[in-house]
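What's in data_32.cif: mmCIF, C-alpha atoms and all ligand atoms
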```cif
data_upload
#
loop_
_atom_site.label_atom_id
_atom_site.label_comp_id
_atom_site.auth_asym_id
_atom_site.auth_seq_id
_atom_site.Cartn_x
_atom_site.Cartn_y
_atom_site.Cartn_z
CA MET A 127 61.74 -37.68 118.17
CA GLY A 128 58.72 -39.79 117.35
CA VAL A 129 57.76 -43.27 116.19
CA LYS A 130 55.89 -44.06 112.97
CA ILE A 131 54.36 -47.13 111.35
CA ILE A 132 56.29 -47.40 108.08
CA GLY A 133 54.88 -50.67 106.74
CA THR A 134 52.22 -53.29 107.39
CA GLY A 135 51.62 -56.84 106.18
CA SER A 136 49.26 -59.71 106.80
CA TYR A 137 48.67 -63.29 105.81
CA VAL A 138 45.77 -65.72 106.18
CA PRO A 139 45.92 -69.39 105.15
CA GLU A 140 44.19 -70.38 101.92
CA LYS A 141 41.82 -72.95 103.37
CA VAL A 142 38.38 -71.45 104.02
CA MET A 143 36.12 -73.08 106.60
CA THR A 144 32.50 -71.97 106.24
CA ASN A 145 29.65 -72.17 108.74
CA ALA A 146 28.25 -74.98 106.59
CA ASP A 147 31.51 -76.91 107.11
CA LEU A 148 31.11 -76.50 110.89
CA MET A 149 27.56 -77.81 110.73
CA LYS A 150 29.10 -81.15 109.73
CA LEU A 151 31.19 -81.17 112.93
CA VAL A 152 28.87 -79.85 115.66
CA ASP A 153 25.17 -79.13 116.29
CA THR A 154 25.06 -75.54 115.00
CA SER A 155 23.57 -73.49 112.17
CA ASP A 156 24.69 -70.78 109.78
CA GLU A 157 21.93 -68.57 111.16
CA TRP A 158 23.03 -69.03 114.81
CA ILE A 159 26.67 -68.27 114.05
CA ILE A 160 25.91 -65.20 111.93
CA THR A 161 23.34 -63.65 114.26
CA ARG A 162 25.32 -64.32 117.47
CA THR A 163 28.82 -63.57 116.18
CA GLY A 164 28.80 -62.00 112.69
CA ILE A 165 31.13 -64.74 111.40
CA ASN A 166 30.54 -66.28 107.94
CA GLU A 167 33.85 -68.07 107.47
CA ARG A 168 37.37 -68.37 108.86
CA ARG A 169 40.78 -69.49 107.55
CA ILE A 170 42.46 -72.66 108.80
CA ALA A 171 46.18 -73.40 108.51
CA SER A 172 47.31 -76.68 107.00
CA GLU A 173 48.81 -79.35 109.23
CA GLU A 174 52.30 -78.46 107.99
CA GLN A 175 51.89 -74.74 108.72
CA ALA A 176 53.08 -73.62 112.15
CA THR A 177 52.62 -70.12 113.57
CA SER A 178 55.96 -68.88 112.18
CA ASP A 179 54.84 -70.00 108.70
CA LEU A 180 51.90 -67.61 109.01
CA ALA A 181 54.08 -64.89 110.52
CA TYR A 182 56.74 -65.07 107.81
CA PRO A 183 54.70 -63.90 104.78
CA ALA A 184 53.05 -61.20 106.91
CA ALA A 185 56.50 -59.99 108.00
CA VAL A 186 57.91 -60.06 104.45
CA ARG A 187 54.95 -57.98 103.23
CA ALA A 188 55.43 -55.46 106.05
CA LEU A 189 59.16 -55.16 105.24
CA GLU A 190 58.38 -54.68 101.53
CA ALA A 191 55.79 -52.00 102.32
CA ALA A 192 58.33 -50.29 104.61
CA ASN A 193 60.91 -50.57 101.84
CA ILE A 194 63.57 -51.93 104.17
CA ASN A 195 65.66 -55.11 104.36
CA ALA A 196 65.21 -57.57 107.20
CA GLU A 197 68.83 -56.98 108.30
CA GLU A 198 67.91 -53.41 109.20
CA LEU A 199 65.62 -54.60 112.00
CA ASP A 200 66.87 -53.94 115.54
CA GLY A 201 64.15 -56.02 117.16
CA ILE A 202 61.42 -58.57 116.50
CA ILE A 203 58.53 -58.91 118.93
CA MET A 204 56.05 -61.71 118.34
CA ALA A 205 52.65 -61.73 120.04
CA THR A 206 51.23 -65.25 120.10
CA VAL A 207 49.51 -67.83 122.30
CA THR A 208 50.39 -70.60 119.83
CA PRO A 209 54.19 -70.62 119.57
CA ASP A 210 55.75 -73.14 117.15
CA GLN A 211 57.40 -74.87 120.12
CA PRO A 212 58.12 -74.05 123.80
CA LEU A 213 61.77 -73.18 123.11
CA PRO A 214 63.14 -71.14 121.35
CA SER A 215 60.73 -68.25 120.85
CA THR A 216 58.78 -68.03 117.61
CA ALA A 217 60.37 -64.58 117.17
CA CYS A 218 63.81 -66.29 116.98
CA LEU A 219 62.49 -68.81 114.44
CA LEU A 220 61.11 -65.93 112.36
CA GLN A 221 64.41 -64.06 112.62
CA LYS A 222 66.21 -67.07 111.16
CA ARG A 223 63.78 -67.22 108.20
CA LEU A 224 64.18 -63.49 107.64
CA LYS A 225 68.00 -63.89 107.72
CA ASN A 226 68.39 -61.14 110.27
CA THR A 227 71.31 -61.47 112.69
CA LYS A 228 71.28 -58.31 114.80
CA ALA A 229 67.74 -57.99 116.19
CA PHE A 230 66.72 -58.82 119.76
CA CYS A 231 63.85 -61.32 119.57
CA PHE A 232 61.21 -62.39 122.02
CA ASP A 233 57.62 -63.61 122.23
CA LEU A 234 54.98 -61.79 124.21
CA GLN A 235 51.78 -63.40 125.47
CA ALA A 236 48.80 -61.18 126.13
CA ALA A 237 46.20 -63.29 124.29
CA CYS A 238 43.92 -61.22 122.04
CA THR A 239 45.44 -57.98 123.36
CA GLY A 240 48.92 -59.14 122.27
CA MET A 241 49.29 -56.80 119.30
CA LEU A 242 48.54 -53.73 121.40
CA TYR A 243 50.90 -54.85 124.17
CA ALA A 244 53.64 -55.52 121.58
CA VAL A 245 53.20 -52.13 119.90
CA GLU A 246 53.47 -50.38 123.27
CA VAL A 247 56.62 -52.34 124.19
CA ALA A 248 58.25 -51.64 120.80
CA HIS A 249 57.26 -47.98 120.95
CA SER A 250 58.68 -47.56 124.47
CA MET A 251 61.92 -49.32 123.53
CA ILE A 252 62.46 -47.08 120.50
CA GLN A 253 61.68 -44.00 122.56
CA SER A 254 63.94 -44.93 125.45
CA ASN A 255 67.03 -46.25 123.69
CA LYS A 256 68.74 -44.78 120.61
CA LYS A 257 70.08 -48.22 119.68
CA TYR A 258 66.61 -49.25 118.52
CA ASN A 259 65.49 -47.62 115.28
CA LYS A 260 63.31 -50.21 113.59
CA ILE A 261 61.29 -52.91 115.31
CA LEU A 262 59.10 -55.51 113.62
CA VAL A 263 55.96 -56.35 115.57
CA VAL A 264 54.16 -59.50 114.47
CA ALA A 265 51.00 -61.09 115.86
CA ALA A 266 50.41 -64.59 114.55
CA GLU A 267 48.13 -67.39 115.70
CA LYS A 268 47.34 -70.95 114.73
CA LEU A 269 44.28 -71.14 116.98
CA SER A 270 42.92 -74.13 115.05
CA TYR A 271 45.55 -76.19 116.86
CA ILE A 272 44.11 -75.33 120.32
CA THR A 273 40.46 -75.41 119.23
CA ASP A 274 38.20 -78.20 120.47
CA TRP A 275 36.40 -79.14 117.25
CA SER A 276 33.71 -80.95 119.24
CA ASP A 277 32.78 -77.90 121.37
CA ARG A 278 30.20 -75.77 119.58
CA ASN A 279 30.58 -73.00 122.18
CA THR A 280 34.07 -72.19 120.93
CA CYS A 281 34.92 -73.91 117.64
CA VAL A 282 32.71 -71.61 115.56
CA LEU A 283 34.58 -68.52 116.79
CA PHE A 284 38.24 -68.91 115.92
CA GLY A 285 40.53 -68.80 112.88
CA ASP A 286 44.22 -68.61 111.93
CA GLY A 287 46.20 -65.65 110.59
CA ALA A 288 48.97 -63.11 111.06
CA GLY A 289 49.46 -59.36 111.01
CA ALA A 290 52.73 -57.40 111.08
CA LEU A 291 53.95 -53.84 111.24
CA VAL A 292 57.28 -52.05 111.27
CA LEU A 293 57.78 -49.20 113.73
CA GLU A 294 60.58 -46.71 113.03
CA ARG A 295 62.17 -43.85 114.96
CA THR A 296 61.70 -40.50 113.22
CA GLU A 297 63.55 -37.28 113.87
CA SER A 298 60.36 -35.22 113.92
CA GLU A 299 58.56 -34.60 117.22
CA ASP A 300 55.46 -36.04 115.66
CA ASP A 301 54.75 -39.38 117.41
CA SER A 302 52.15 -41.69 115.86
CA ILE A 303 51.30 -43.27 119.20
CA LEU A 304 49.24 -40.57 120.89
CA ALA A 305 48.17 -42.52 123.97
CA THR A 306 48.05 -46.10 125.26
CA SER A 307 46.15 -47.86 128.00
CA LEU A 308 46.99 -51.46 128.86
CA HIS A 309 45.27 -53.48 131.57
CA ALA A 310 45.03 -56.99 133.02
CA ASP A 311 43.10 -58.77 135.75
CA GLY A 312 44.43 -62.24 136.54
CA SER A 313 41.57 -62.92 138.95
CA PHE A 314 39.51 -63.76 135.85
CA ALA A 315 42.11 -66.27 134.58
CA ASP A 316 39.57 -69.11 134.62
CA ILE A 317 36.94 -67.68 132.29
CA LEU A 318 39.09 -67.92 129.17
CA LYS A 319 41.87 -70.48 129.24
CA VAL A 320 43.82 -73.42 127.85
CA GLU A 321 44.49 -75.20 131.13
CA ALA A 322 46.65 -78.15 130.09
CA GLY A 323 49.92 -78.46 128.21
CA GLY A 324 52.09 -76.35 130.52
CA SER A 325 54.11 -77.06 133.68
CA ARG A 326 51.02 -77.35 135.95
CA ILE A 327 49.19 -79.94 133.85
CA PRO A 328 51.80 -81.38 131.48
CA MET A 329 50.66 -82.86 128.19
CA THR A 330 49.83 -86.56 128.13
CA ALA A 331 48.27 -88.74 125.46
CA GLU A 332 44.97 -88.84 127.43
CA LEU A 333 44.85 -85.05 127.68
CA ILE A 334 44.99 -84.59 123.91
CA GLY A 335 41.61 -86.26 123.45
CA SER A 336 40.03 -84.62 126.51
CA GLY A 337 39.85 -81.07 125.16
CA ARG A 338 41.69 -79.72 128.23
CA ASN A 339 44.54 -78.68 125.92
CA CYS A 340 42.06 -76.48 124.01
CA ILE A 341 40.41 -73.09 124.52
CA LYS A 342 37.61 -73.07 127.09
CA MET A 343 35.56 -69.92 127.53
CA ASP A 344 32.63 -68.67 129.56
CA GLY A 345 31.36 -66.76 126.53
CA ARG A 346 28.54 -64.91 128.28
CA GLU A 347 30.81 -63.59 131.03
CA VAL A 348 33.58 -62.62 128.60
CA PHE A 349 31.00 -60.87 126.42
CA LYS A 350 29.80 -58.65 129.30
CA LEU A 351 33.25 -57.79 130.61
CA ALA A 352 34.68 -57.13 127.13
CA ILE A 353 32.24 -54.36 126.28
CA SER A 354 32.79 -52.25 129.43
CA ALA A 355 36.55 -52.85 129.52
CA MET A 356 37.06 -51.79 125.90
CA GLU A 357 34.77 -48.80 126.31
CA ASP A 358 36.62 -47.64 129.45
CA SER A 359 40.10 -48.03 127.98
CA CYS A 360 39.03 -46.21 124.79
CA ARG A 361 37.77 -43.35 126.93
CA GLU A 362 41.07 -43.33 128.84
CA VAL A 363 43.19 -42.76 125.72
CA MET A 364 40.70 -40.29 124.26
CA ASN A 365 40.58 -38.24 127.47
CA GLU A 366 44.37 -38.35 127.85
CA ASN A 367 44.66 -36.81 124.41
CA GLY A 368 41.66 -34.48 124.50
CA VAL A 369 40.12 -36.35 121.56
CA THR A 370 36.33 -36.69 121.23
CA SER A 371 34.31 -39.30 119.31
CA SER A 372 33.92 -36.99 116.33
CA ASP A 373 37.74 -36.71 116.01
CA ILE A 374 38.10 -40.49 115.52
CA ASP A 375 38.42 -41.38 111.83
CA TRP A 376 38.47 -45.14 112.48
CA LEU A 377 37.67 -47.49 115.32
CA VAL A 378 39.61 -50.75 114.84
CA PRO A 379 38.35 -53.16 117.48
CA HIS A 380 39.57 -56.68 118.19
CA GLN A 381 37.49 -58.91 115.91
CA ALA A 382 35.82 -61.41 118.25
CA ASN A 383 32.12 -60.75 117.84
CA LEU A 384 30.24 -58.20 115.72
CA ARG A 385 27.76 -57.54 118.53
CA ILE A 386 30.59 -56.61 120.93
CA MET A 387 32.12 -54.26 118.35
CA ASN A 388 28.77 -52.60 117.64
CA MET A 389 28.05 -52.09 121.33
CA VAL A 390 31.47 -50.57 122.01
CA ALA A 391 31.05 -48.23 119.02
CA GLN A 392 27.52 -47.26 120.10
CA ARG A 393 28.65 -46.44 123.63
CA LEU A 394 31.49 -44.33 122.24
CA LYS A 395 29.10 -42.68 119.74
CA ILE A 396 31.19 -43.76 116.76
CA ASP A 397 28.92 -44.53 113.79
CA SER A 398 29.24 -47.91 112.08
CA GLU A 399 30.78 -46.48 108.87
CA ARG A 400 33.88 -45.64 110.93
CA VAL A 401 34.21 -49.13 112.49
CA TYR A 402 36.35 -51.62 110.57
CA VAL A 403 34.98 -55.16 110.50
CA ASN A 404 36.45 -58.31 108.96
CA VAL A 405 35.32 -60.85 111.59
CA ASN A 406 32.83 -62.10 108.96
CA ARG A 407 35.76 -63.34 106.83
CA TYR A 408 38.33 -64.50 109.39
CA GLY A 409 36.59 -65.07 112.75
CA ASN A 410 38.65 -64.34 115.85
CA THR A 411 42.38 -64.74 115.13
CA SER A 412 43.33 -63.56 118.65
CA ALA A 413 46.33 -61.17 118.68
CA ALA A 414 46.41 -61.13 114.87
CA THR A 415 43.04 -59.43 114.29
CA ILE A 416 44.14 -55.81 114.69
CA GLY A 417 47.28 -56.31 112.58
CA ILE A 418 45.24 -57.87 109.76
CA CYS A 419 42.70 -55.02 109.96
CA LEU A 420 45.36 -52.31 109.85
CA ASP A 421 47.06 -53.93 106.87
CA GLU A 422 43.83 -54.28 104.90
CA MET A 423 42.84 -50.71 105.68
CA ILE A 424 46.21 -49.16 104.85
CA ARG A 425 46.66 -51.18 101.64
CA GLY A 426 43.07 -50.42 100.67
CA GLY A 427 43.68 -46.67 101.10
CA MET A 428 41.07 -46.43 103.86
CA ILE A 429 43.47 -45.13 106.49
CA GLN A 430 45.24 -42.01 105.24
CA ARG A 431 48.33 -40.36 106.76
CA GLY A 432 47.27 -37.96 109.52
CA GLN A 433 44.04 -39.79 110.36
CA ILE A 434 43.18 -40.71 113.95
CA VAL A 435 42.73 -44.44 114.56
CA LEU A 436 41.47 -45.90 117.85
CA MET A 437 42.43 -49.56 118.37
CA THR A 438 40.99 -51.59 121.23
CA ALA A 439 41.25 -55.23 122.27
CA PHE A 440 40.19 -57.67 124.98
CA GLY A 441 41.22 -61.26 125.68
CA GLY A 442 42.36 -64.03 128.00
CA GLY A 443 44.20 -63.09 131.15
CA LEU A 444 42.06 -61.13 131.28
CA THR A 445 43.97 -58.53 129.31
CA TRP A 446 42.62 -55.48 127.51
CA GLY A 447 43.70 -52.09 126.25
CA SER A 448 43.54 -49.36 123.65
CA ILE A 449 45.96 -47.37 121.54
CA LEU A 450 45.19 -44.01 119.96
CA LEU A 451 47.19 -43.58 116.79
CA ARG A 452 47.76 -40.73 114.35
CA TYR A 453 48.78 -42.67 111.23
C1 LIG A 501 30.39 -67.14 122.52
C2 LIG A 501 29.23 -66.22 122.18
C3 LIG A 501 29.18 -65.98 120.70
C4 LIG A 501 27.93 -66.89 122.61
O1 LIG A 501 26.84 -66.05 122.32
P1 LIG A 501 25.71 -65.81 123.40
O2 LIG A 501 24.66 -65.00 122.76
O3 LIG A 501 26.38 -65.26 124.62
O4 LIG A 501 25.18 -67.24 123.61
P2 LIG A 501 25.06 -68.04 124.98
O5 LIG A 501 26.40 -68.38 125.52
O6 LIG A 501 24.14 -67.24 125.85
O7 LIG A 501 24.37 -69.36 124.48
C5 LIG A 501 23.04 -69.37 124.04
C6 LIG A 501 22.66 -70.78 123.64
O8 LIG A 501 23.25 -71.12 122.39
C7 LIG A 501 23.90 -72.37 122.50
N1 LIG A 501 25.08 -72.37 121.62
C8 LIG A 501 26.36 -72.09 121.94
N2 LIG A 501 27.12 -72.21 120.84
C9 LIG A 501 26.31 -72.56 119.82
C10 LIG A 501 26.52 -72.84 118.47
N3 LIG A 501 27.74 -72.76 117.91
N4 LIG A 501 25.46 -73.16 117.72
C11 LIG A 501 24.22 -73.25 118.24
N5 LIG A 501 23.96 -73.02 119.53
C12 LIG A 501 25.00 -72.67 120.32
C13 LIG A 501 24.27 -72.50 123.94
O9 LIG A 501 24.42 -73.87 124.28
C14 LIG A 501 23.10 -71.85 124.63
O10 LIG A 501 22.08 -72.79 124.71
P3 LIG A 501 21.20 -72.92 126.06
O11 LIG A 501 20.54 -71.58 126.23
O12 LIG A 501 20.28 -74.02 125.73
O13 LIG A 501 22.20 -73.23 127.13
C15 LIG A 501 29.36 -64.88 122.91
O14 LIG A 501 29.13 -65.06 124.27
C16 LIG A 501 30.70 -64.24 122.75
O15 LIG A 501 31.04 -63.78 121.68
N6 LIG A 501 31.46 -64.12 123.84
C17 LIG A 501 32.68 -63.36 123.87
C18 LIG A 501 33.76 -63.87 122.97
C19 LIG A 501 34.89 -62.88 123.03
O16 LIG A 501 34.71 -61.71 123.00
N7 LIG A 501 36.06 -63.31 123.13
C20 LIG A 501 37.11 -62.30 123.23
C21 LIG A 501 38.26 -62.82 123.76
S1 LIG A 501 38.94 -64.02 122.68
#
```
Output the file's structure as structure tokens, nothing else.
Ligand SMILES: CC(C)(COP(=O)(O)OP(=O)(O)OC[C@H]1O[C@@H](n2cnc3c(N)ncnc32)[C@H](O)[C@@H]1OP(=O)(O)O)[C@@H](O)C(=O)NCCC(=O)NCCS
Amino acid sequence: MGVKIIGTGSYVPEKVMTNADLMKLVDTSDEWIITRTGINERRIASEEQATSDLAYPAAVRALEAANINAEELDGIIMATVTPDQPLPSTACLLQKRLKNTKAFCFDLQAACTGMLYAVEVAHSMIQSNKKYNKILVVAAEKLSYITDWSDRNTCVLFGDGAGALVLERTESEDDSILATSLHADGSFADILKVEAGGSRIPMTAELIGSGRNCIKMDGREVFKLAISAMEDSCREVMNENGVTSSDIDWLVPHQANLRIMNMVAQRLKIDSERVYVNVNRYGNTSAATIGICLDEMIRGGMIQRGQIVLMTAFGGGLTWGSILLRY
């Protein structure tokens, strides 16, 4: 038996924040942001919208595309670093909105690599236990809530959004997930972090204004590590499957920085026409980027059944990984 993606969905908030808008907040320029990152604009959730409010429309669209009802889901896995609240999981809150009563539900935190981790977990659960036929994987982030809007090093990079997909057991041997490689190295925990707001440094009124409850990143260091890590993990899944660069129909990289994506593609000898990019429109939406890309590409008819798609991501933890998919 195999596992297939039977539906995808995505959602981004309506509010557009342009580089010009950011120039009113911090000392930056449209030219700097575009040349260093490739980002023109990003979407920002409203104050009333929590992460599950972004996840819900993405999930509904994925269920509609899969042509199934929410009550058919056996599991819901939510990848996020911005849960609605510490308890219960955002997956449980989404389950309630979807009116599903039988699915297991949990959140998974692997920062920007969250979607790939969640797909691997869902895939392994379906493969290893006949009870699980259909699992909804959602990656949703309200990063604007943990962004320091006075820090030009980070605030120009991030945006809000959600991507979702439904994985289903199939009777055919043909498995869509050809190979996966997931990695982490906690010794680099300090170079990309939100240090306050947990049990070590609990939230206080003073902390909220200090920026310590927001994303801090050593951008230069992350940049260097991201390129080699994504290249290596892409090679791992390609070698495991005997696939060469010319066999890859699409490279779908985590959308953090256009220069990183271009360098990974160059090293893998994948030409730019086969690299999907939407960082210009949404910035870095952490775990959600790959889900949003897949949905846009599948709905737009770019990814066809049978094509080989290489997904790769890198983020806080550090975490990184790749999945080779035959759609
Ligand atoms: C953040 C990032 C865009 C910065 O680009 P960079 O080319 O590395 O830039 P640097 O950090 O070397 O900074 C260069 C200069 O621009 C300045 N700068 C930083 N942000 C700026 C901004 N928004 N506008 C204008 N200048 C800015 C810096 O202060 C620095 O000035 P200095 O040389 O006087 O100190 C880039 O490092 C990056 O994308 N990192 C990885 C992000 C990532 O992949 N995350 C994935 C996990 S989420």
Across A:Met127, A:Ile341, A:Cys281, A:Ile424, the smallest distance to A:Asn255, with all atoms listed in the file counted, is shown by A:Met127
Exercise for the section: Would you list the residues near (48.8, -51.4, 130.1), meaning any protein, DNA or RNA residue with an atom at most 8 Å from that point in file coordinates, counting only C-alpha atoms, as a list in words? Expected result: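 Output of the proximity query reads Tyr243, Thr306, Ser307, Leu308, His309, Ala310, Trp446 and Gly447 of chain A.
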Go ahead and save the residues from that selection, with C-alpha atoms, as a PDB file, in the frame of the given file.
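Contents of the output file part38.pdb:
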```
ATOM      1  CA  TYR A 243      50.900 -54.850 124.170  1.00  0.00           C
ATOM      2  CA  THR A 306      48.050 -46.100 125.260  1.00  0.00           C
ATOM      3  CA  SER A 307      46.150 -47.860 128.000  1.00  0.00           C
ATOM      4  CA  LEU A 308      46.990 -51.460 128.860  1.00  0.00           C
ATOM      5  CA  HIS A 309      45.270 -53.480 131.570  1.00  0.00           C
ATOM      6  CA  ALA A 310      45.030 -56.990 133.020  1.00  0.00           C
ATOM      7  CA  TRP A 446      42.620 -55.480 127.510  1.00  0.00           C
ATOM      8  CA  GLY A 447      43.700 -52.090 126.250  1.00  0.00           C
TER       9      GLY A 447
END
```
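Atom to atom, atom CA of A:Lys319 and atom CA of A:Leu262 stand 27.7 Å apart.
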Pairwise distance, atom CA of A:Arg338 with atom CA of A:Asn145, equals 24.1 Å
At a cut-off of 7 Å around ligand LIG 501 (chain A), and using only C-alpha atoms and all ligand atoms, what residues come up? Please write them as a PDB file with C-alpha atoms, keeping the file's coordinate frame.
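Saved as pocket-v8.pdb:
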```pdb
ATOM      1  CA  ASP A 153      25.170 -79.130 116.290  1.00  0.00           C
ATOM      2  CA  THR A 154      25.060 -75.540 115.000  1.00  0.00           C
ATOM      3  CA  SER A 155      23.570 -73.490 112.170  1.00  0.00           C
ATOM      4  CA  TRP A 158      23.030 -69.030 114.810  1.00  0.00           C
ATOM      5  CA  ILE A 159      26.670 -68.270 114.050  1.00  0.00           C
ATOM      6  CA  ARG A 162      25.320 -64.320 117.470  1.00  0.00           C
ATOM      7  CA  THR A 163      28.820 -63.570 116.180  1.00  0.00           C
ATOM      8  CA  CYS A 238      43.920 -61.220 122.040  1.00  0.00           C
ATOM      9  CA  ARG A 278      30.200 -75.770 119.580  1.00  0.00           C
ATOM     10  CA  ASN A 279      30.580 -73.000 122.180  1.00  0.00           C
ATOM     11  CA  THR A 280      34.070 -72.190 120.930  1.00  0.00           C
ATOM     12  CA  VAL A 282      32.710 -71.610 115.560  1.00  0.00           C
ATOM     13  CA  GLY A 345      31.360 -66.760 126.530  1.00  0.00           C
ATOM     14  CA  ARG A 346      28.540 -64.910 128.280  1.00  0.00           C
ATOM     15  CA  VAL A 348      33.580 -62.620 128.600  1.00  0.00           C
ATOM     16  CA  PHE A 349      31.000 -60.870 126.420  1.00  0.00           C
ATOM     17  CA  ALA A 352      34.680 -57.130 127.130  1.00  0.00           C
ATOM     18  CA  ALA A 382      35.820 -61.410 118.250  1.00  0.00           C
ATOM     19  CA  ASN A 383      32.120 -60.750 117.840  1.00  0.00           C
ATOM     20  CA  ILE A 386      30.590 -56.610 120.930  1.00  0.00           C
ATOM     21  CA  ASN A 410      38.650 -64.340 115.850  1.00  0.00           C
ATOM     22  CA  SER A 412      43.330 -63.560 118.650  1.00  0.00           C
ATOM     23  CA  PHE A 440      40.190 -57.670 124.980  1.00  0.00           C
ATOM     24  CA  GLY A 441      41.220 -61.260 125.680  1.00  0.00           C
ATOM     25  CA  GLY A 442      42.360 -64.030 128.000  1.00  0.00           C
TER      26      GLY A 442
END
```
